[in-house]
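Below is one structure, written out as structure tokens; the observations come after it.
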Amino acid sequence: MFRIETKEVLNDTIYRMGIVSPRVAKKARPGQFIMLRVDEAGERIPLTIAGTDPEKGIVDIIFQAYGTTTKKLCEKEAGDEIADFVGPLGKPTEIRGQKICVIGGGVGCAIALPIAREYASVGADVTCIIGFRSKNMVILEDEFRSFSRRVFVMTDDGSYGSTGNVCMPLKEMLEKGEDFDRIIAIGPLVMMRFVTETARPWGVPVSVSMNPIMIDGTGMCGGCRMTLKDEYGRPATVFACVDGPEFDGYQVDFDEVMTRGRMYADFERHSYEKTCNLFRAADQAKKEGC
Amino acid sequence: MAMEPKKTPMPTQDPRERITNFREVALGYTPEDARREALRCLNCKNRPCVEGCPVNVNIPGFIQKIREGDLDGAYEVIAATSSLPAVCGRVCPQENQCEAKCAMGIKFEPVGIGRLERYVADHHNAASVPPRKASSNGCKVAVVGSGPSSLTCAGDLAKLGYDVTVFEALHAAGGVLVYGIPEFRLPKSIVAREVENLKALGVTVETNVVVGKTVTVDELFEEGFRAVFLGTGAGLPMFMNIPGENLVGVYSANEYLTRSNLMKAYREDSDTPIRKGGRVAVVGGGNVAMDAARTALRLGAEKVTIIYRRSEAELPARREEAEHAREEGVEFLYLANPVEILGYRNFEDPRDPKNGAVTGIRCTRMELGEPDERGRRVPRPIAGSEFHVPVDTVVIAIGTSPNPLIRSIVGGVQLNRRGGIVVTEEGATHRAGVYAGGDAVTGAATVISAMGAGKTAAAAIHRYLSE
Ligand SMILES: Cc1cc2nc3c(=O)[nH]c(=O)nc-3n(C[C@H](O)[C@H](O)[C@H](O)COP(=O)(O)OP(=O)(O)OC[C@H]3O[C@@H](n4cnc5c(N)ncnc54)[C@H](O)[C@@H]3O)c2cc1C
Ligand code: FES
């Protein structure tokens with residue numbers, strides 16, 4: 001069992017938890033992820049490591065409660081335990097380049113944060129663009145500001161920062177001749193695809209972070225496989241859990257990733273509703289009890 | 001007394017009943033069955049069966065004890081050279097090993113050695129108390145992985161007084177025995193019991209540790225471990241490299257079975273999804289393919305077809321598994337090989353949720369040519385023979401190779417062309433203090449050979465650390 005040391009609400013649906021796992025805390029590098037299982041009946045899900053405290057042996061995760069497992073997880077409190085927590089898995093981010101643009105969308109900002117921080121810590125010039133649906137969804141802004149040269153905050157509805165999506169400031173900068181060595185985009189698939197397309201005319205390298213359905217996370221099942229196409233269009237199958245999670249945006253077959261991601265949409269909707277109903281019933285019972 | 005020409009039949013759950021549940025199919029001999037079967041052993045002088053056993057269990061010896069009614073004695077005879085008899089009795093390919101050599105088999109059916117082994121082991125497990133911890137010699141050994149090779153190596157070393165820690169990447173110990181082989185063939189309580197026995201012997205089992213990622217072998221040595229055994233298995237699934245393999249509804253057998261066995265997706269209360277029902281095709285002819293096909297039936301498939309590129313005679317699965325599959329209604333399409341998996345595509349509406357879902361397999365007919373160097377006839381496609389099989393789910397069970405994470409686990413060991421770890425006969429790798437065995441060395445093989453390799457390595461580690 002693994003103890004939840006801290007729990008913090010970042011916005012309506014996004015939480016940060018510190019989990020006690022000294023071995024993982026010691027080993028984790030930015031860009032790597034863990035797999036967890038909340039309880040005995042639980043699913044194994046991957047979550048990117050958002051930060052570590054090796055001294056205290058604590059690993060931070062940030063997640064949005066949108067599925068069965070994350071819903072179950074957000075119902076846990078500091079002091080509670082979860083069944084399993086394993087990592088660090090996947091390849092760490094390769095630190096390449098001096099002038100970097102890091103783009104995060106929604107909960108993807110949690111993954112972008114440690115990567116951006118790592119670049120800043122080796123002296124890179126870091127520009128960050130973070131995008132959200134609206135003001136009440138904004139997370140981690142201060143943390144991004146603490147080490148970045150520039151931070152653009154975008155909201156879809158214009159309720160905070162600038163109105164629009166994350167590609168707008170990126171395109172503007174590229175058009176003005178900003179010469180980024182690399183763009184790192186982490187967020188919803190549509191966003192990562194759009195960033196890749198925005199950068200394509202300038203040929204700036206784009207790294208994207210993939211989060212397909214995983215089971216073991218050790219390369220044993222192939223469930224996380226995806227097709228990469230090299231510059232000549234030749235396909236190769238890779239396993240996101242061991243070969244990734246970061247890939248060259250220009251090589252990713254986004255259509256395939258999106259299709260495979262919907263594999264269990266029906267099941268998930270069902271199971272999510274069931275879980276929510278359970279928690280609702282429990283709440284109700286508690287209320288009636290007192 | 002007249003010789004019984006046939007094996008005493010194994011009581012089983014009725015096929016129509018058993019495809020509706022995940023309970024064990026073979027129910028085990030009654031004492032009467034076992035006595036009857038034991039009497040069929042000729043107790044012949046040159047004991048060919050012992051040679052047929054990869055770990056040379058004294059087979060006539062334990063059968064003799066059954067005849068004498070001394071089941072504890074029978075267990076001791078088996079345990080002298082083998083661990084995990086309750087597992088091996090259920091899953092060993094006896095027809096290629098001990099039973100293939102049985103003298104009775106020349107004229108009649110061979111003695112049901114596996115069934116008797118299982119009987120003895122189940123009897124022992126029902127009555128026995130957990131083993132006692134040996135007095136510690138204070139010397140630490142790390143065992144990586146928790147499949148049959150690792151469980152055996154850890155057990156043997158713990159009995160010698162070593163302070164053993166098993167590190168397993170997944171959340172449950174047992175390797176293929178828990179994530180691959182289904183409950184209806186090997187109840188997980190049997191595996192759990194073996195793990196509990198190890199703990200009673202003083203072995204520490206640390207799950208959720210991926211050696212190479214969570215901790216490296218070098219760090220294990222720094223932590224004071226004096227030797228390391230690598231029993232990391234052959235977990236990398238092979239694909240066919242044909243178009244359509246990444247469509248929605250195509251699984252590797254490892255994924256399909258892991259969802260069902262390890263994650264219990266067949267149970268209502270599990271959060272892990274799996275595709276249920278519909279028409280399922282399983283590609284391959286080994287135990288893994290049979291397990292996947294029979295799992296699909298139990299998950300409610302309307303129709304399950306095994307597609308195998310050779311003929312019935314070449315099926316590599318245990319004979320009993322293929323028979324059980326047939327009884328349960330699995331269909332076999334022999335001499336056929338997939339060339340493409342077809343998917344649904346609505347060009348009008350790219351948002352159609354059915355886009356990308358499997359609709360069928362295009363196969364080509366095969367014929368068997370000349371035998372290869374291993375004596376197996378090589379299948380060749382017949383030109384112009386392509387045909388279409390409509391399906392909703394495809395499970396690819398054409399084999400696995402050693403876990404590629406090995407490279408990141410440890411420096412200084414050498415790998416062969418197929419990714420297997422190179423070891424001496426004793427299981428020693430090129431790096432001092434690092435041993436290996438099981439599927440990680442041989443590629444996908446058998447429980448008994450993995451177990452044997454674990455035993456050999458444990459003895460070698462003991463010699464190494466006693467020097
Ligand atoms: C579906 C299926 C059916 C089978 N049926 C039969 C049968 O009927 N009869 C038979 O004899 N054989 C059968 N086999 C084969 C048999 O199960 C294997 O040969 C045997 O389990 C190999 O044992 P092992 O100890 O080498 O490794 P495995 O059982 O493969 O165990 C390896 C373990 O190591 C863990 N591991 C890997 N890398 C790491 C790491 N870096 N750190 C920590 N842990 C790690 C893995 O998670 C796994 O748990 C079957 C196999 C499958 C898949
Ligand atoms: S999650 Fe199973 S191979 Fe990647």
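Simple scheme: letters A, B, ... for chains in structure tokens order, numbers from 1 for residues in each chain, numbers from 1 for ligands in the order shown.
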At most 9 Å to chain B: residues in chain A, only C-alpha atoms, as a VMD selection string: chain A and resid 23 to 24 26 to 28 37 40 to 44 68 to 69 83 to 90 215 to 216 218 to 223 225 to 227 237 242 256 259 to 264 267 to 268 271
Set the distance at 9 Å and use only C-alpha atoms: which residues neighbour Met258 in chain A once local chain neighbours fewer than 3 positions away are removed? I'd like the list as an mmCIF file with C-alpha atoms, in the first residue's frame.
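Heads up, here's the output in selection-v9.cif:
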```cif
data_model
loop_
_atom_site.group_PDB
_atom_site.id
_atom_site.type_symbol
_atom_site.label_atom_id
_atom_site.label_comp_id
_atom_site.auth_asym_id
_atom_site.auth_seq_id
_atom_site.Cartn_x
_atom_site.Cartn_y
_atom_site.Cartn_z
ATOM 1 C CA LEU A 189 -4.436 15.279 -28.721
ATOM 2 C CA VAL A 190 -6.161 17.923 -30.846
ATOM 3 C CA PRO A 212 -2.539 6.167 -24.721
ATOM 4 C CA ASP A 253 -0.249 9.291 -36.576
ATOM 5 C CA PHE A 254 -2.745 11.361 -34.573
ATOM 6 C CA ASP A 255 -5.791 9.839 -36.298
ATOM 7 C CA GLY A 261 -8.104 6.143 -27.460
ATOM 8 C CA ARG A 262 -11.845 5.748 -27.929
#
```
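Atom pair CA of Ala86 in chain B / CA of Gly399 in chain B: separated by 25.2 Å.
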Backbone-only DSSP, strand (DSSP E) members of range 17-217 of chain A, as a ChimeraX atom specification: /A:17-20,33-37,45-53,58-64,81-82,84-89,99-105,125-132,150-155,162-163,182-186,206-209
Close residues, range 201-205 of chain A itself excluded, 12 Å, only C-alpha atoms, min 4 positions apart in chain, as a PDB file with N, CA and C atoms, in the first residue's frame:
```pdb
ATOM      1  N   ARG A  96      17.286  19.052 -24.955  1.00  0.00           N
ATOM      2  CA  ARG A  96      17.982  19.424 -26.194  1.00  0.00           C
ATOM      3  C   ARG A  96      17.590  20.845 -26.569  1.00  0.00           C
ATOM      4  N   GLY A  97      18.560  21.708 -26.741  1.00  0.00           N
ATOM      5  CA  GLY A  97      18.272  23.060 -27.204  1.00  0.00           C
ATOM      6  C   GLY A  97      18.345  24.093 -26.097  1.00  0.00           C
ATOM      7  N   LYS A  99      16.787  27.412 -26.614  1.00  0.00           N
ATOM      8  CA  LYS A  99      15.657  28.328 -26.639  1.00  0.00           C
ATOM      9  C   LYS A  99      14.396  27.497 -26.873  1.00  0.00           C
ATOM     10  N   ILE A 100      13.582  27.458 -25.857  1.00  0.00           N
ATOM     11  CA  ILE A 100      12.525  26.457 -25.835  1.00  0.00           C
ATOM     12  C   ILE A 100      11.162  27.101 -25.647  1.00  0.00           C
ATOM     13  N   CYS A 101      10.154  26.562 -26.329  1.00  0.00           N
ATOM     14  CA  CYS A 101       8.789  26.986 -26.065  1.00  0.00           C
ATOM     15  C   CYS A 101       8.009  25.786 -25.528  1.00  0.00           C
ATOM     16  N   LEU A 170       1.889  31.280 -30.302  1.00  0.00           N
ATOM     17  CA  LEU A 170       3.001  30.552 -30.918  1.00  0.00           C
ATOM     18  C   LEU A 170       3.199  31.034 -32.353  1.00  0.00           C
ATOM     19  N   LYS A 171       2.094  31.095 -33.092  1.00  0.00           N
ATOM     20  CA  LYS A 171       2.174  31.491 -34.491  1.00  0.00           C
ATOM     21  C   LYS A 171       2.719  32.921 -34.607  1.00  0.00           C
ATOM     22  N   MET A 173       4.674  34.504 -32.569  1.00  0.00           N
ATOM     23  CA  MET A 173       6.110  34.550 -32.289  1.00  0.00           C
ATOM     24  C   MET A 173       6.906  34.012 -33.469  1.00  0.00           C
ATOM     25  N   LEU A 174       6.434  32.892 -34.030  1.00  0.00           N
ATOM     26  CA  LEU A 174       7.155  32.300 -35.156  1.00  0.00           C
ATOM     27  C   LEU A 174       7.173  33.273 -36.337  1.00  0.00           C
ATOM     28  N   GLU A 175       6.044  33.940 -36.540  1.00  0.00           N
ATOM     29  CA  GLU A 175       5.970  34.897 -37.651  1.00  0.00           C
ATOM     30  C   GLU A 175       6.907  36.078 -37.449  1.00  0.00           C
ATOM     31  N   LYS A 176       7.098  36.436 -36.162  1.00  0.00           N
ATOM     32  CA  LYS A 176       8.010  37.550 -35.864  1.00  0.00           C
ATOM     33  C   LYS A 176       9.467  37.121 -35.949  1.00  0.00           C
ATOM     34  N   GLY A 177       9.704  35.842 -36.246  1.00  0.00           N
ATOM     35  CA  GLY A 177      11.075  35.389 -36.428  1.00  0.00           C
ATOM     36  C   GLY A 177      11.713  34.804 -35.178  1.00  0.00           C
ATOM     37  N   GLU A 178      10.911  34.489 -34.192  1.00  0.00           N
ATOM     38  CA  GLU A 178      11.416  33.861 -32.965  1.00  0.00           C
ATOM     39  C   GLU A 178      12.015  32.493 -33.342  1.00  0.00           C
ATOM     40  N   ASP A 179      13.303  32.280 -32.994  1.00  0.00           N
ATOM     41  CA  ASP A 179      13.942  31.049 -33.471  1.00  0.00           C
ATOM     42  C   ASP A 179      14.080  30.010 -32.354  1.00  0.00           C
ATOM     43  N   PHE A 180      12.959  29.346 -32.044  1.00  0.00           N
ATOM     44  CA  PHE A 180      12.996  28.295 -31.015  1.00  0.00           C
ATOM     45  C   PHE A 180      13.798  27.094 -31.515  1.00  0.00           C
ATOM     46  N   ASP A 181      14.579  26.512 -30.609  1.00  0.00           N
ATOM     47  CA  ASP A 181      15.272  25.266 -30.954  1.00  0.00           C
ATOM     48  C   ASP A 181      14.300  24.093 -30.903  1.00  0.00           C
ATOM     49  N   ARG A 182      13.282  24.216 -30.068  1.00  0.00           N
ATOM     50  CA  ARG A 182      12.354  23.103 -29.895  1.00  0.00           C
ATOM     51  C   ARG A 182      11.059  23.603 -29.276  1.00  0.00           C
ATOM     52  N   ILE A 183       9.953  22.969 -29.685  1.00  0.00           N
ATOM     53  CA  ILE A 183       8.654  23.244 -29.071  1.00  0.00           C
ATOM     54  C   ILE A 183       8.210  21.963 -28.380  1.00  0.00           C
ATOM     55  N   ILE A 184       7.743  22.076 -27.159  1.00  0.00           N
ATOM     56  CA  ILE A 184       7.276  20.898 -26.433  1.00  0.00           C
ATOM     57  C   ILE A 184       5.799  21.106 -26.127  1.00  0.00           C
ATOM     58  N   ALA A 185       4.954  20.262 -26.669  1.00  0.00           N
ATOM     59  CA  ALA A 185       3.511  20.452 -26.516  1.00  0.00           C
ATOM     60  C   ALA A 185       2.911  19.289 -25.745  1.00  0.00           C
ATOM     61  N   VAL A 195      -0.605  22.225 -32.667  1.00  0.00           N
ATOM     62  CA  VAL A 195       0.701  22.856 -32.448  1.00  0.00           C
ATOM     63  C   VAL A 195       1.688  22.364 -33.500  1.00  0.00           C
ATOM     64  N   THR A 196       1.668  21.047 -33.757  1.00  0.00           N
ATOM     65  CA  THR A 196       2.575  20.470 -34.751  1.00  0.00           C
ATOM     66  C   THR A 196       2.341  21.117 -36.112  1.00  0.00           C
ATOM     67  N   GLU A 197       1.071  21.236 -36.472  1.00  0.00           N
ATOM     68  CA  GLU A 197       0.754  21.844 -37.777  1.00  0.00           C
ATOM     69  C   GLU A 197       1.168  23.309 -37.826  1.00  0.00           C
ATOM     70  N   PHE A 247       7.355  11.846 -28.159  1.00  0.00           N
ATOM     71  CA  PHE A 247       7.675  11.502 -29.537  1.00  0.00           C
ATOM     72  C   PHE A 247       7.765  12.766 -30.377  1.00  0.00           C
ATOM     73  N   ASP A 248       8.345  12.593 -31.567  1.00  0.00           N
ATOM     74  CA  ASP A 248       8.428  13.669 -32.534  1.00  0.00           C
ATOM     75  C   ASP A 248       7.024  13.903 -33.115  1.00  0.00           C
ATOM     76  N   GLY A 249       6.482  15.080 -32.878  1.00  0.00           N
ATOM     77  CA  GLY A 249       5.115  15.377 -33.308  1.00  0.00           C
ATOM     78  C   GLY A 249       4.874  15.128 -34.795  1.00  0.00           C
ATOM     79  N   TYR A 250       5.915  15.351 -35.607  1.00  0.00           N
ATOM     80  CA  TYR A 250       5.736  15.182 -37.047  1.00  0.00           C
ATOM     81  C   TYR A 250       5.572  13.715 -37.434  1.00  0.00           C
ATOM     82  N   GLN A 251       5.993  12.807 -36.550  1.00  0.00           N
ATOM     83  CA  GLN A 251       5.946  11.382 -36.897  1.00  0.00           C
ATOM     84  C   GLN A 251       4.691  10.685 -36.384  1.00  0.00           C
TER      85      GLN A 251
END
```
Helix (DSSP H, G or I) positions in range 188-228 of chain A, given as a PyMOL selection string: chain A and resi 189-202
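For the set B:Ile63, B:Met451, B:His324, B:Glu222, the residue with the smallest atom-to-atom gap to Gln13 in chain B is B:His324, counting only C-alpha atoms.
Between ligand 2 and the residues A:Pro114, A:Gly105, A:Gly217, A:Gly244, the shortest atom-to-atom distance, using only C-alpha atoms and all ligand atoms, involves A:Gly217.
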Residues within 6 Å of ligand 1, counting only C-alpha atoms and all ligand atoms, as a compact mmCIF listing (two decimals) with all heavy atoms, in the first residue's frame:
```txt
# COMPACT_ATOMS: atom_id res chain seq x y z
N VAL B 91 -0.24 -27.97 -15.93
CA VAL B 91 0.08 -27.27 -17.18
C VAL B 91 1.23 -27.86 -17.99
O VAL B 91 1.49 -27.40 -19.10
CB VAL B 91 0.34 -25.75 -16.94
CG1 VAL B 91 -0.82 -25.11 -16.21
CG2 VAL B 91 1.64 -25.53 -16.21
N CYS B 92 1.93 -28.87 -17.47
CA CYS B 92 3.04 -29.44 -18.25
C CYS B 92 2.51 -30.11 -19.52
O CYS B 92 1.46 -30.73 -19.50
CB CYS B 92 3.78 -30.51 -17.44
SG CYS B 92 5.18 -29.87 -16.54
N PRO B 93 3.26 -30.00 -20.62
CA PRO B 93 2.89 -30.76 -21.83
C PRO B 93 3.36 -32.20 -21.68
O PRO B 93 4.30 -32.64 -22.33
CB PRO B 93 3.65 -30.02 -22.93
CG PRO B 93 4.81 -29.39 -22.26
CD PRO B 93 4.44 -29.14 -20.82
N VAL B 144 14.82 -11.27 -9.54
CA VAL B 144 14.05 -10.32 -10.35
C VAL B 144 12.98 -11.08 -11.14
O VAL B 144 13.28 -12.00 -11.87
CB VAL B 144 14.98 -9.55 -11.31
CG1 VAL B 144 14.18 -8.51 -12.09
CG2 VAL B 144 16.11 -8.90 -10.54
N GLY B 145 11.73 -10.64 -10.99
CA GLY B 145 10.61 -11.36 -11.60
C GLY B 145 10.06 -12.37 -10.61
O GLY B 145 10.71 -12.69 -9.61
N SER B 146 8.84 -12.82 -10.83
CA SER B 146 8.24 -13.76 -9.89
C SER B 146 7.51 -14.89 -10.61
O SER B 146 6.54 -15.43 -10.11
CB SER B 146 7.29 -13.03 -8.95
OG SER B 146 6.23 -12.46 -9.70
N GLY B 147 7.97 -15.23 -11.83
CA GLY B 147 7.43 -16.39 -12.53
C GLY B 147 7.97 -17.67 -11.92
O GLY B 147 8.65 -17.64 -10.89
N PRO B 148 7.66 -18.81 -12.53
CA PRO B 148 8.09 -20.10 -11.96
C PRO B 148 9.60 -20.20 -11.74
O PRO B 148 10.03 -20.80 -10.75
CB PRO B 148 7.61 -21.13 -12.97
CG PRO B 148 6.99 -20.40 -14.10
CD PRO B 148 6.79 -18.98 -13.70
N SER B 149 10.41 -19.61 -12.63
CA SER B 149 11.87 -19.72 -12.43
C SER B 149 12.26 -18.97 -11.16
O SER B 149 13.03 -19.47 -10.34
CB SER B 149 12.63 -19.17 -13.63
OG SER B 149 12.42 -17.78 -13.77
N SER B 150 11.70 -17.78 -10.98
CA SER B 150 12.06 -16.96 -9.83
C SER B 150 11.53 -17.55 -8.52
O SER B 150 12.24 -17.58 -7.52
CB SER B 150 11.49 -15.55 -10.00
OG SER B 150 12.07 -14.92 -11.11
N PHE B 167 11.73 -9.16 -6.51
CA PHE B 167 11.23 -7.89 -7.03
C PHE B 167 10.37 -8.16 -8.26
O PHE B 167 10.86 -8.73 -9.24
CB PHE B 167 12.39 -6.96 -7.42
CG PHE B 167 13.24 -6.55 -6.26
CD1 PHE B 167 14.45 -7.18 -6.00
CD2 PHE B 167 12.82 -5.52 -5.43
CE1 PHE B 167 15.25 -6.79 -4.93
CE2 PHE B 167 13.61 -5.12 -4.35
CZ PHE B 167 14.82 -5.76 -4.09
N GLU B 168 9.11 -7.77 -8.21
CA GLU B 168 8.20 -8.00 -9.33
C GLU B 168 7.65 -6.67 -9.84
O GLU B 168 7.21 -5.83 -9.07
CB GLU B 168 7.06 -8.93 -8.89
CG GLU B 168 5.88 -9.03 -9.85
CD GLU B 168 6.23 -9.46 -11.28
OE1 GLU B 168 6.95 -10.46 -11.42
OE2 GLU B 168 5.80 -8.77 -12.23
N ALA B 169 7.63 -6.54 -11.16
CA ALA B 169 7.19 -5.30 -11.79
C ALA B 169 5.69 -5.07 -11.62
O ALA B 169 5.23 -3.95 -11.39
CB ALA B 169 7.54 -5.31 -13.27
N LEU B 170 4.91 -6.15 -11.73
CA LEU B 170 3.45 -6.00 -11.65
C LEU B 170 3.00 -5.94 -10.20
O LEU B 170 3.82 -6.04 -9.29
CB LEU B 170 2.78 -7.17 -12.38
CG LEU B 170 3.07 -7.22 -13.89
CD1 LEU B 170 2.54 -8.52 -14.49
CD2 LEU B 170 2.46 -6.01 -14.59
N GLY B 174 3.81 -14.02 -9.49
CA GLY B 174 3.46 -15.27 -10.17
C GLY B 174 3.81 -15.29 -11.65
O GLY B 174 3.78 -16.33 -12.28
N GLY B 175 4.15 -14.13 -12.22
CA GLY B 175 4.52 -14.09 -13.64
C GLY B 175 3.38 -14.56 -14.51
O GLY B 175 2.21 -14.24 -14.25
N VAL B 176 3.72 -15.33 -15.54
CA VAL B 176 2.71 -15.83 -16.47
C VAL B 176 1.61 -16.61 -15.73
O VAL B 176 0.46 -16.62 -16.16
CB VAL B 176 3.37 -16.73 -17.54
CG1 VAL B 176 2.33 -17.50 -18.33
CG2 VAL B 176 4.21 -15.88 -18.48
N LEU B 177 1.96 -17.21 -14.63
CA LEU B 177 0.97 -18.01 -13.90
C LEU B 177 -0.19 -17.14 -13.41
O LEU B 177 -1.29 -17.64 -13.22
CB LEU B 177 1.61 -18.72 -12.69
CG LEU B 177 2.87 -19.55 -12.98
CD1 LEU B 177 3.34 -20.23 -11.72
CD2 LEU B 177 2.63 -20.57 -14.08
N GLY B 180 -1.04 -14.63 -17.38
CA GLY B 180 -1.28 -15.29 -18.66
C GLY B 180 -2.25 -16.46 -18.59
O GLY B 180 -3.26 -16.49 -19.28
N ILE B 181 -1.94 -17.45 -17.76
CA ILE B 181 -2.73 -18.68 -17.75
C ILE B 181 -4.05 -18.43 -17.00
O ILE B 181 -4.04 -17.99 -15.86
CB ILE B 181 -1.94 -19.85 -17.13
CG1 ILE B 181 -0.61 -20.02 -17.90
CG2 ILE B 181 -2.75 -21.13 -17.15
CD1 ILE B 181 0.27 -21.15 -17.42
N VAL B 209 7.97 -3.14 -8.36
CA VAL B 209 9.35 -2.71 -8.56
C VAL B 209 9.82 -3.19 -9.93
O VAL B 209 9.90 -4.39 -10.17
CB VAL B 209 10.29 -3.26 -7.47
CG1 VAL B 209 11.74 -2.87 -7.78
CG2 VAL B 209 9.89 -2.77 -6.10
N VAL B 210 10.08 -2.26 -10.82
CA VAL B 210 10.61 -2.63 -12.13
C VAL B 210 12.12 -2.48 -12.06
O VAL B 210 12.63 -1.37 -12.02
CB VAL B 210 10.07 -1.70 -13.25
CG1 VAL B 210 10.53 -2.19 -14.61
CG2 VAL B 210 8.55 -1.63 -13.20
N VAL B 211 12.81 -3.60 -11.99
CA VAL B 211 14.26 -3.52 -11.89
C VAL B 211 14.79 -2.97 -13.20
O VAL B 211 14.38 -3.38 -14.28
CB VAL B 211 14.87 -4.89 -11.55
CG1 VAL B 211 16.39 -4.83 -11.59
CG2 VAL B 211 14.38 -5.33 -10.17
N GLY B 212 15.69 -2.01 -13.12
CA GLY B 212 16.16 -1.29 -14.30
C GLY B 212 15.55 0.11 -14.34
O GLY B 212 16.13 1.03 -14.89
N GLY B 231 14.88 -13.55 -13.64
CA GLY B 231 13.85 -14.46 -14.18
C GLY B 231 12.75 -13.62 -14.81
O GLY B 231 11.59 -13.73 -14.44
N THR B 232 13.16 -12.78 -15.75
CA THR B 232 12.26 -11.73 -16.25
C THR B 232 11.33 -12.18 -17.37
O THR B 232 10.52 -11.39 -17.85
CB THR B 232 13.08 -10.51 -16.72
OG1 THR B 232 14.13 -10.99 -17.56
CG2 THR B 232 13.69 -9.78 -15.55
N GLY B 233 11.45 -13.45 -17.78
CA GLY B 233 10.46 -13.99 -18.71
C GLY B 233 10.59 -13.49 -20.14
O GLY B 233 11.51 -12.75 -20.49
N ALA B 234 9.66 -13.93 -20.95
CA ALA B 234 9.63 -13.54 -22.37
C ALA B 234 8.33 -12.80 -22.61
O ALA B 234 7.37 -13.34 -23.12
CB ALA B 234 9.73 -14.77 -23.26
N ASN B 287 -0.60 -22.97 -26.58
CA ASN B 287 -1.41 -22.88 -25.36
C ASN B 287 -2.00 -21.49 -25.20
O ASN B 287 -3.12 -21.33 -24.73
CB ASN B 287 -0.53 -23.14 -24.14
CG ASN B 287 -0.16 -24.61 -24.03
OD1 ASN B 287 -0.99 -25.48 -24.31
ND2 ASN B 287 1.07 -24.88 -23.66
N VAL B 288 -1.21 -20.49 -25.57
CA VAL B 288 -1.65 -19.12 -25.41
C VAL B 288 -2.90 -18.87 -26.27
O VAL B 288 -3.86 -18.25 -25.83
CB VAL B 288 -0.52 -18.14 -25.79
CG1 VAL B 288 -0.94 -16.72 -25.51
CG2 VAL B 288 0.76 -18.49 -25.07
N ASP B 291 -5.86 -20.58 -24.68
CA ASP B 291 -6.31 -19.82 -23.51
C ASP B 291 -7.11 -18.60 -23.92
O ASP B 291 -8.15 -18.29 -23.33
CB ASP B 291 -5.10 -19.38 -22.66
CG ASP B 291 -4.50 -20.54 -21.87
OD1 ASP B 291 -5.16 -21.59 -21.78
OD2 ASP B 291 -3.38 -20.38 -21.36
N GLY B 438 14.96 -19.47 -17.16
CA GLY B 438 13.56 -19.42 -17.59
C GLY B 438 13.44 -18.81 -18.98
O GLY B 438 14.40 -18.78 -19.75
N ASP B 439 12.25 -18.28 -19.27
CA ASP B 439 11.98 -17.75 -20.61
C ASP B 439 12.91 -16.61 -20.99
O ASP B 439 13.13 -16.35 -22.17
CB ASP B 439 10.53 -17.24 -20.69
CG ASP B 439 9.52 -18.37 -20.79
OD1 ASP B 439 9.93 -19.55 -20.71
OD2 ASP B 439 8.31 -18.07 -20.96
N ALA B 440 13.47 -15.91 -20.00
CA ALA B 440 14.38 -14.79 -20.29
C ALA B 440 15.62 -15.31 -21.00
O ALA B 440 16.29 -14.57 -21.71
CB ALA B 440 14.77 -14.08 -19.00
N ALA B 444 10.14 -18.01 -25.05
CA ALA B 444 8.95 -18.64 -24.50
C ALA B 444 9.08 -20.16 -24.51
O ALA B 444 9.31 -20.77 -25.55
CB ALA B 444 7.73 -18.21 -25.30
N ALA B 445 8.97 -20.78 -23.33
CA ALA B 445 9.11 -22.23 -23.23
C ALA B 445 8.05 -22.78 -22.29
O ALA B 445 6.86 -22.54 -22.51
CB ALA B 445 10.52 -22.59 -22.77
N THR B 446 8.47 -23.50 -21.26
CA THR B 446 7.47 -24.14 -20.40
C THR B 446 7.73 -23.82 -18.93
O THR B 446 8.83 -23.44 -18.54
CB THR B 446 7.51 -25.67 -20.54
OG1 THR B 446 8.85 -26.09 -20.27
CG2 THR B 446 7.11 -26.10 -21.93
N VAL B 447 6.69 -24.02 -18.13
CA VAL B 447 6.78 -23.82 -16.70
C VAL B 447 7.85 -24.73 -16.11
O VAL B 447 8.69 -24.30 -15.32
CB VAL B 447 5.42 -24.10 -16.03
CG1 VAL B 447 5.55 -24.11 -14.53
CG2 VAL B 447 4.39 -23.06 -16.49
N ILE B 448 7.83 -25.98 -16.53
CA ILE B 448 8.77 -26.93 -15.91
C ILE B 448 10.22 -26.59 -16.25
O ILE B 448 11.09 -26.67 -15.38
CB ILE B 448 8.43 -28.40 -16.29
CG1 ILE B 448 9.30 -29.40 -15.55
CG2 ILE B 448 8.55 -28.64 -17.77
CD1 ILE B 448 8.64 -30.05 -14.40
N ALA B 450 11.38 -23.61 -16.89
CA ALA B 450 11.70 -22.40 -16.12
C ALA B 450 11.99 -22.78 -14.68
O ALA B 450 12.95 -22.31 -14.06
CB ALA B 450 10.54 -21.41 -16.19
```
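Minimum atom-to-atom distances from A:Val208, A:Ile95, A:Ile34, A:Ala50 to Glu118 in chain A were compared using only C-alpha atoms, and the lowest value belongs to A:Ile95.
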Gap from CA of Gly108 in chain A to CA of Ala78 in chain A - Å, one decimal: 23.3 Å
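Each of A:Pro22, A:Pro30, A:Pro46, A:Pro92 was checked against ligand 2 using only C-alpha atoms and all ligand atoms; the smallest atom-to-atom distance is that of A:Pro46.
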